[in-house]
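Data first, discussion second: the structure below is written as structure tokens.
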Amino acid sequence: MNTIDKLFTKKSQQVLAVYITAGYPALHSLPDVIDALQDAGVDLIEVGMPFSDPMADGEVIQQSSGVALKNGMNMRLMFEQLQEIKSSVRVPLVLMGYLNPVLSFGMENFLRSAASAGVSGIILPDLPPEVYEAEYRPFFEQYGLHKIFLVTPSTSDERIVYLASLSGGFLYAVAEAGVTGAQTAHSEKRTAYLKRVRKLAGNLPVLAGFGIHNYHTFSAVCEVTHGAITGSAFIRALAHESELRGSVNDFIQRLKYQTDDSTVAK
Amino acid sequence: MQTLPQPTENGYYGKFGGAFIPELLRANVEELRRNYLAILNDQSFCREFDELLRDYVGRPTPLYEARRLSALLGFRVFLKREDLCHTGAHKINNAVGQILLAKRLGKTRIIAETGAGQHGVATATVCALAGLECVVYMGATDIERQAPNVGRMKLLGAKVVPVHSGSATLKDATNEAIRDWIAHAADTHYIIGSVVGPHPYPDLVARLQSVISREIRTQLKAQTGQALPDAVVACVGGGSNAAGAFYHFLDEPTVKLFAVEAAGEGIHTSRSAATTVLGSPGVIHGSYTLLMQDEYGQITEPHSISAGLDYPGIGPLHAALSANGRATFLAATDEEALQAASLLMHTEGIIPALETAHALAALHRLPLPAQATVVLNLSGRGDKDLSTYLTHLAQ
Ligand SMILES: Cc1ncc(COP(=O)(O)O)c(C=O)c1O
């Protein structure tokens, strides 16, 4: 059984997924960050594969990608790092990145390497579902990898059903129109949208992402979805290498539990 | 069998093209895809577009026989004077068409990317004309080297947003414009400045620029009696002026097509923008096309003295023309472009844009018989490049 499916059979509320850019803040940070995240009680980790031109990402993730590339991160090295910690990883890993580096690596080579490194799912925002269906779906199935699609507030009902039918593991509901890192405010419109996605997704779990940056945004979307994904806020909170563990743990605790400073809505 | 320049319904030219966009952009791009052909073929659109091209842009632009230049080269060179368009380059043809389209789609806010600033100026111009808000993204490097155009955009009421990411040039400005569009889907139209980006942009922009080759055919016939030239030459950044100049000749196999890219400091240096020489297939700005990338699929930073050619990709139509051999791709270095510009200044009294100078630089290398008739698309004038010319050419 795919580890993402296993996660959702055990837990269907308040699932916390965290995005981290491979190679950030330092070239070899990824194993430490993953370890610190799972110790802090995170349920799923999205490993971002840095790209030179991340068009769907806001400033924070753009910058972390730039730093990671400058540090020397690349696909081969990322797989090596994941391979090394494979036996100690207890949470499902999902790779997220842009299509061009994957095509350059070779789609099948990429999927084989991902599966062998213990990865369970893949998010490629700029791979359209129609192309996935026509060209790549059998390879994902062959390697037991879930393809996770994104839906947005402007996605039609019909298309949400279609994207959910192609997705495995969970459906990624973009909470607010905009690139990653945009701040969201709790709104009835968003709640109605997320409810609509849940209904249309049927049995497929739904995680909300984009704009989840504190206890309030996390708990608000969790009232409607199975959980949420945080990225830019986490990357902003990551400290230098020497205090990595502490900063990871602090951030996760503040996101999961209402603490004094998180009561101040940002 | 599909015949170029029309792409398939999904926007493919051979294996190139398509729309590799995140779901975040889908609603915008779909809205455009569903409507663009109907709007472009609509009578009221055609009437308004033609009128503006005539009375506002100044079309038809002359087809001028450059006799002194021809004498030096040994064949007949005609210059298609897009430099005489309002705002100084072919970019205005596309901007006028897209602003009419945007109004018909009910959009109230316009965004654009720009490299040399010509497309930014053209967009700022049509926004003023239409009374719409205008935001132009421009790389910080380009803001510096194309200062006159930045000033023009500001005077015309546009907001110019400097982009500092990546190489701070055209590709980064395009990323930033796309991000803006993602965040402002409902009210905003993105006027892309070249035949790049996701379907339907390459086809949309090519159609709006195709007026260039339509006029060339009529004018050449009237002026020489010849139905067709032997060759058409144009520079290629993203490829819009070349697409416009080639469009109505693509199905005429006797007409040789030459596309000239920027070799920068040379194709064997790390500072170049010659995509067909140095690039390989991949996805850039939502299109599967040729682009310059490293061994890990990271898009590399191009270099050209000309901001308008300083782009690591080319439109999918050109990728297909390069792959199937219909067009011959050449490259000219920074230095060759400067010398060619200087030659045109002295032989014909025309100061061309640095982009266009690359096409001029390839002229003497064209494998053509004596007495051949060649049309070169003079895509823009050099006002914006005066400081570069003065630095490099003035004694
Ligand atoms: C005068 C001129 N020619 C050519 C170009 C290159 O663009 P394209 O290849 O789309 O014609 C530019 C771009 O800024 C330009 O200003």
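The chains in the structure tokens are called A, B, ... from first to last as shown; in each chain the residues are counted from 1, and the ligands are counted from 1 in the order shown.
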
- Message: Within 6 Å of chain B, which residues belong to chain A? Use only C-alpha atoms and report them as number ranges by chain.
- Response: A: 52, 55, 100-101, 104, 125-128, 177-178

- Message: Give me, as a ChimeraX atom specification, the set of residues whose atoms come within 9 Å of any atom of ligand 1, counting only C-alpha atoms and all ligand atoms.
- Response: /B:82-83,88-91,114-120,193-196,234-244,261,306-310,314-315,352-357,377-382

Using only C-alpha atoms, which protein or nucleic acid residues come within 9 Å of segment 151-157 of chain A? Drop anything in the same chain fewer than 4 positions from it, and give the result as a PDB file with C-alpha atoms, in the first residue's frame.
ATOM      1  CA  VAL A 161     -13.976  15.614 -10.663  1.00  0.00           C
ATOM      2  CA  TYR A 162     -11.627  14.923 -13.577  1.00  0.00           C
ATOM      3  CA  LEU A 163      -8.514  15.974 -11.650  1.00  0.00           C
ATOM      4  CA  ALA A 164      -9.601  13.974  -8.619  1.00  0.00           C
ATOM      5  CA  LEU A 171      -6.072  16.271  -4.031  1.00  0.00           C
ATOM      6  CA  TYR A 172      -4.216  19.538  -3.549  1.00  0.00           C
ATOM      7  CA  ALA A 173      -6.668  22.399  -3.146  1.00  0.00           C
ATOM      8  CA  VAL A 174      -5.043  25.768  -3.720  1.00  0.00           C
ATOM      9  CA  ALA A 175      -6.702  27.801  -0.994  1.00  0.00           C
ATOM     10  CA  GLU A 176      -6.469  31.184  -2.611  1.00  0.00           C
ATOM     11  CA  ALA A 177      -5.835  32.357  -6.166  1.00  0.00           C
ATOM     12  CA  ARG A 190     -12.826  29.974   0.853  1.00  0.00           C
ATOM     13  CA  TYR A 193     -14.878  26.483  -2.112  1.00  0.00           C
ATOM     14  CA  LEU A 194     -13.070  23.906   0.038  1.00  0.00           C
ATOM     15  CA  ARG A 196     -17.160  22.035  -2.800  1.00  0.00           C
ATOM     16  CA  VAL A 197     -13.780  20.434  -3.507  1.00  0.00           C
ATOM     17  CA  LEU A 200     -16.443  16.568  -5.631  1.00  0.00           C
TER      18      LEU A 200
ATOM     19  CA  GLU B  23      -3.868  24.824 -12.994  1.00  0.00           C
ATOM     20  CA  LEU B  24      -3.603  28.324 -11.519  1.00  0.00           C
ATOM     21  CA  ARG B  26      -5.814  27.420 -16.686  1.00  0.00           C
ATOM     22  CA  ALA B  27      -8.933  29.585 -16.376  1.00  0.00           C
ATOM     23  CA  ALA B 185      -7.015  36.204 -13.175  1.00  0.00           C
TER      24      ALA B 185
END

- Message: Show me, as a list in words, the residues that have an atom within 10 Å of Leu155 of chain B when counting only C-alpha atoms, minus same-chain residues fewer than 6 positions from it.
- Response: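 So, after excluding close chain neighbours, the residues are Val121, Ala124, Thr125 and Asn149 of chain B.
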
- So what do you get for atom CA of Arg159 of chain A versus atom CA of Ala114 of chain A, distance-wise? 27.9 Å

- Task: Taking the chain letters and numbering used in this document, name the residues of segment 138-281 of chain B that DSSP puts in helix (DSSP H, G or I), as a ChimeraX atom specification.
- Result: /B:140-145,147-155,170-183,201-209,211-224,240-249,275-278

- Item | Spatial neighbours of Met138 of chain B, 8 Å, only C-alpha atoms, chain gap at least 6 places, as a ChimeraX atom specification | /B:113-115,117,160-163,168-170,173

- Pick from A:Gly48, A:Gly118, A:Gly168, A:Gly23: nearest to Phe140 of chain A, with only C-alpha atoms counted?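 Nearest to Phe140 of chain A: A:Gly168.
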
- Task: Within 8 Å of segment 36-40 of chain A, counting only C-alpha atoms, which residues show up once you throw out same-chain ones fewer than 6 positions away? Write them as an MDAnalysis selection string, please.
- Result: chainID A and resid 89:91 245 248:249 252:253

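By only C-alpha atoms, and with residues fewer than 2 positions from Gln83 of chain A along its chain excluded, the set lying at most 10 Å from it is Pro31, Leu77, Met78, Phe79, Glu80, Gln81, Ile85, Lys86, Ser87, Ser113, Ala114, Ser116, Ala117, Gly118 and Val119 of chain A.
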
Write the residues of the preceding selection, restricted to all heavy atoms, as a tab-separated table (two decimals), in the first residue's frame.
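Contents of the output file part.tsv:
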chain	number	residue	atom	x	y	z
A	31	PRO	N	18.37	16.02	4.69
A	31	PRO	CA	18.18	14.93	5.65
A	31	PRO	C	17.85	15.45	7.05
A	31	PRO	O	16.94	14.92	7.71
A	31	PRO	CB	19.53	14.21	5.64
A	31	PRO	CG	20.09	14.49	4.28
A	31	PRO	CD	19.65	15.90	3.97
A	77	LEU	N	21.74	14.59	-6.91
A	77	LEU	CA	22.17	14.74	-5.52
A	77	LEU	C	20.97	14.60	-4.57
A	77	LEU	O	21.06	13.98	-3.51
A	77	LEU	CB	22.84	16.10	-5.34
A	77	LEU	CG	23.46	16.39	-3.97
A	77	LEU	CD1	24.50	15.34	-3.63
A	77	LEU	CD2	24.09	17.78	-3.97
A	78	MET	N	19.83	15.16	-4.98
A	78	MET	CA	18.64	15.05	-4.14
A	78	MET	C	18.26	13.58	-3.94
A	78	MET	O	17.97	13.15	-2.82
A	78	MET	CB	17.47	15.81	-4.79
A	78	MET	CG	16.20	15.75	-3.98
A	78	MET	SD	14.77	16.30	-4.93
A	78	MET	CE	14.61	14.96	-6.11
A	79	PHE	N	18.30	12.81	-5.02
A	79	PHE	CA	17.96	11.39	-4.89
A	79	PHE	C	18.98	10.67	-4.02
A	79	PHE	O	18.63	9.80	-3.22
A	79	PHE	CB	17.85	10.73	-6.27
A	79	PHE	CG	16.54	11.04	-6.97
A	79	PHE	CD1	16.51	11.51	-8.27
A	79	PHE	CD2	15.32	10.86	-6.30
A	79	PHE	CE1	15.31	11.79	-8.91
A	79	PHE	CE2	14.12	11.14	-6.94
A	79	PHE	CZ	14.11	11.61	-8.24
A	80	GLU	N	20.25	11.04	-4.14
A	80	GLU	CA	21.28	10.43	-3.28
A	80	GLU	C	20.98	10.71	-1.81
A	80	GLU	O	21.07	9.82	-0.96
A	80	GLU	CB	22.66	10.99	-3.63
A	80	GLU	CG	23.34	10.27	-4.79
A	80	GLU	CD	24.60	11.02	-5.26
A	80	GLU	OE1	25.24	11.71	-4.41
A	80	GLU	OE2	24.90	10.92	-6.45
A	81	GLN	N	20.63	11.96	-1.51
A	81	GLN	CA	20.35	12.33	-0.12
A	81	GLN	C	19.14	11.56	0.41
A	81	GLN	O	19.12	11.11	1.55
A	81	GLN	CB	20.13	13.84	0.00
A	81	GLN	CG	21.38	14.65	-0.28
A	81	GLN	CD	21.18	16.16	-0.10
A	81	GLN	OE1	20.07	16.62	0.10
A	81	GLN	NE2	22.27	16.92	-0.17
A	85	ILE	N	18.81	8.40	3.64
A	85	ILE	CA	18.01	8.45	4.86
A	85	ILE	C	16.75	7.58	4.75
A	85	ILE	O	15.93	7.53	5.67
A	85	ILE	CB	17.57	9.89	5.21
A	85	ILE	CG1	16.86	10.54	4.00
A	85	ILE	CG2	18.76	10.74	5.62
A	85	ILE	CD1	16.12	11.82	4.37
A	86	LYS	N	16.66	6.86	3.64
A	86	LYS	CA	15.44	6.10	3.34
A	86	LYS	C	14.94	5.26	4.53
A	86	LYS	O	13.76	5.30	4.89
A	86	LYS	CB	15.73	5.19	2.15
A	86	LYS	CG	14.54	4.46	1.61
A	86	LYS	CD	14.94	3.67	0.37
A	86	LYS	CE	13.84	2.70	-0.02
A	86	LYS	NZ	14.25	1.88	-1.17
A	87	SER	N	15.85	4.54	5.18
A	87	SER	CA	15.41	3.60	6.22
A	87	SER	C	14.91	4.31	7.47
A	87	SER	O	14.19	3.73	8.27
A	87	SER	CB	16.55	2.65	6.57
A	87	SER	OG	17.66	3.41	7.00
A	113	SER	N	13.86	6.53	-10.03
A	113	SER	CA	14.71	7.02	-8.94
A	113	SER	C	13.87	7.42	-7.73
A	113	SER	O	14.26	7.18	-6.59
A	113	SER	CB	15.52	8.23	-9.40
A	113	SER	OG	16.22	7.94	-10.59
A	114	ALA	N	12.73	8.04	-8.00
A	114	ALA	CA	11.86	8.48	-6.90
A	114	ALA	C	11.35	7.29	-6.12
A	114	ALA	O	11.43	7.25	-4.89
A	114	ALA	CB	10.70	9.31	-7.46
A	116	SER	N	12.57	4.34	-5.93
A	116	SER	CA	13.64	3.64	-5.24
A	116	SER	C	14.13	4.43	-4.03
A	116	SER	O	14.66	3.87	-3.08
A	116	SER	CB	14.76	3.32	-6.23
A	116	SER	OG	16.00	3.72	-5.75
A	117	ALA	N	13.92	5.75	-4.03
A	117	ALA	CA	14.34	6.57	-2.89
A	117	ALA	C	13.24	6.65	-1.83
A	117	ALA	O	13.37	7.40	-0.86
A	117	ALA	CB	14.73	7.97	-3.36
A	118	GLY	N	12.17	5.92	-2.02
A	118	GLY	CA	11.14	5.89	-1.01
A	118	GLY	C	10.07	6.95	-1.14
A	118	GLY	O	9.30	7.20	-0.21
A	119	VAL	N	10.00	7.59	-2.29
A	119	VAL	CA	9.00	8.63	-2.52
A	119	VAL	C	7.65	7.99	-2.85
A	119	VAL	O	7.60	6.93	-3.49
A	119	VAL	CB	9.45	9.55	-3.68
A	119	VAL	CG1	8.34	10.48	-4.13
A	119	VAL	CG2	10.70	10.33	-3.27

- Distance atom CA of Gly181 of chain A-atom CA of Ser287 of chain B, one decimal place?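 Between these atoms lies a distance of 24.9 Å.
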
- Query: Can you list every residue in segment 91-252 of chain A that DSSP puts in strand (DSSP E or B), as a list in words?
  - Reply: Leu93, Val94, Leu95, Met96, Gly121, Ile122, Ile123, His146, Lys147, Leu150, Val151, Leu171, Tyr172, Ala173, Val174, Val206, Leu207, Ala208, Gly209, Gly227, Ala228, Ile229 and Thr230 of chain A

- Message: Please compute the atom CA of Thr230 of chain A-atom CA of Leu244 of chain A distance, one decimal, in Å.
- Response: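 About the pair atom CA of Thr230 of chain A and atom CA of Leu244 of chain A: they are 17.1 Å apart.
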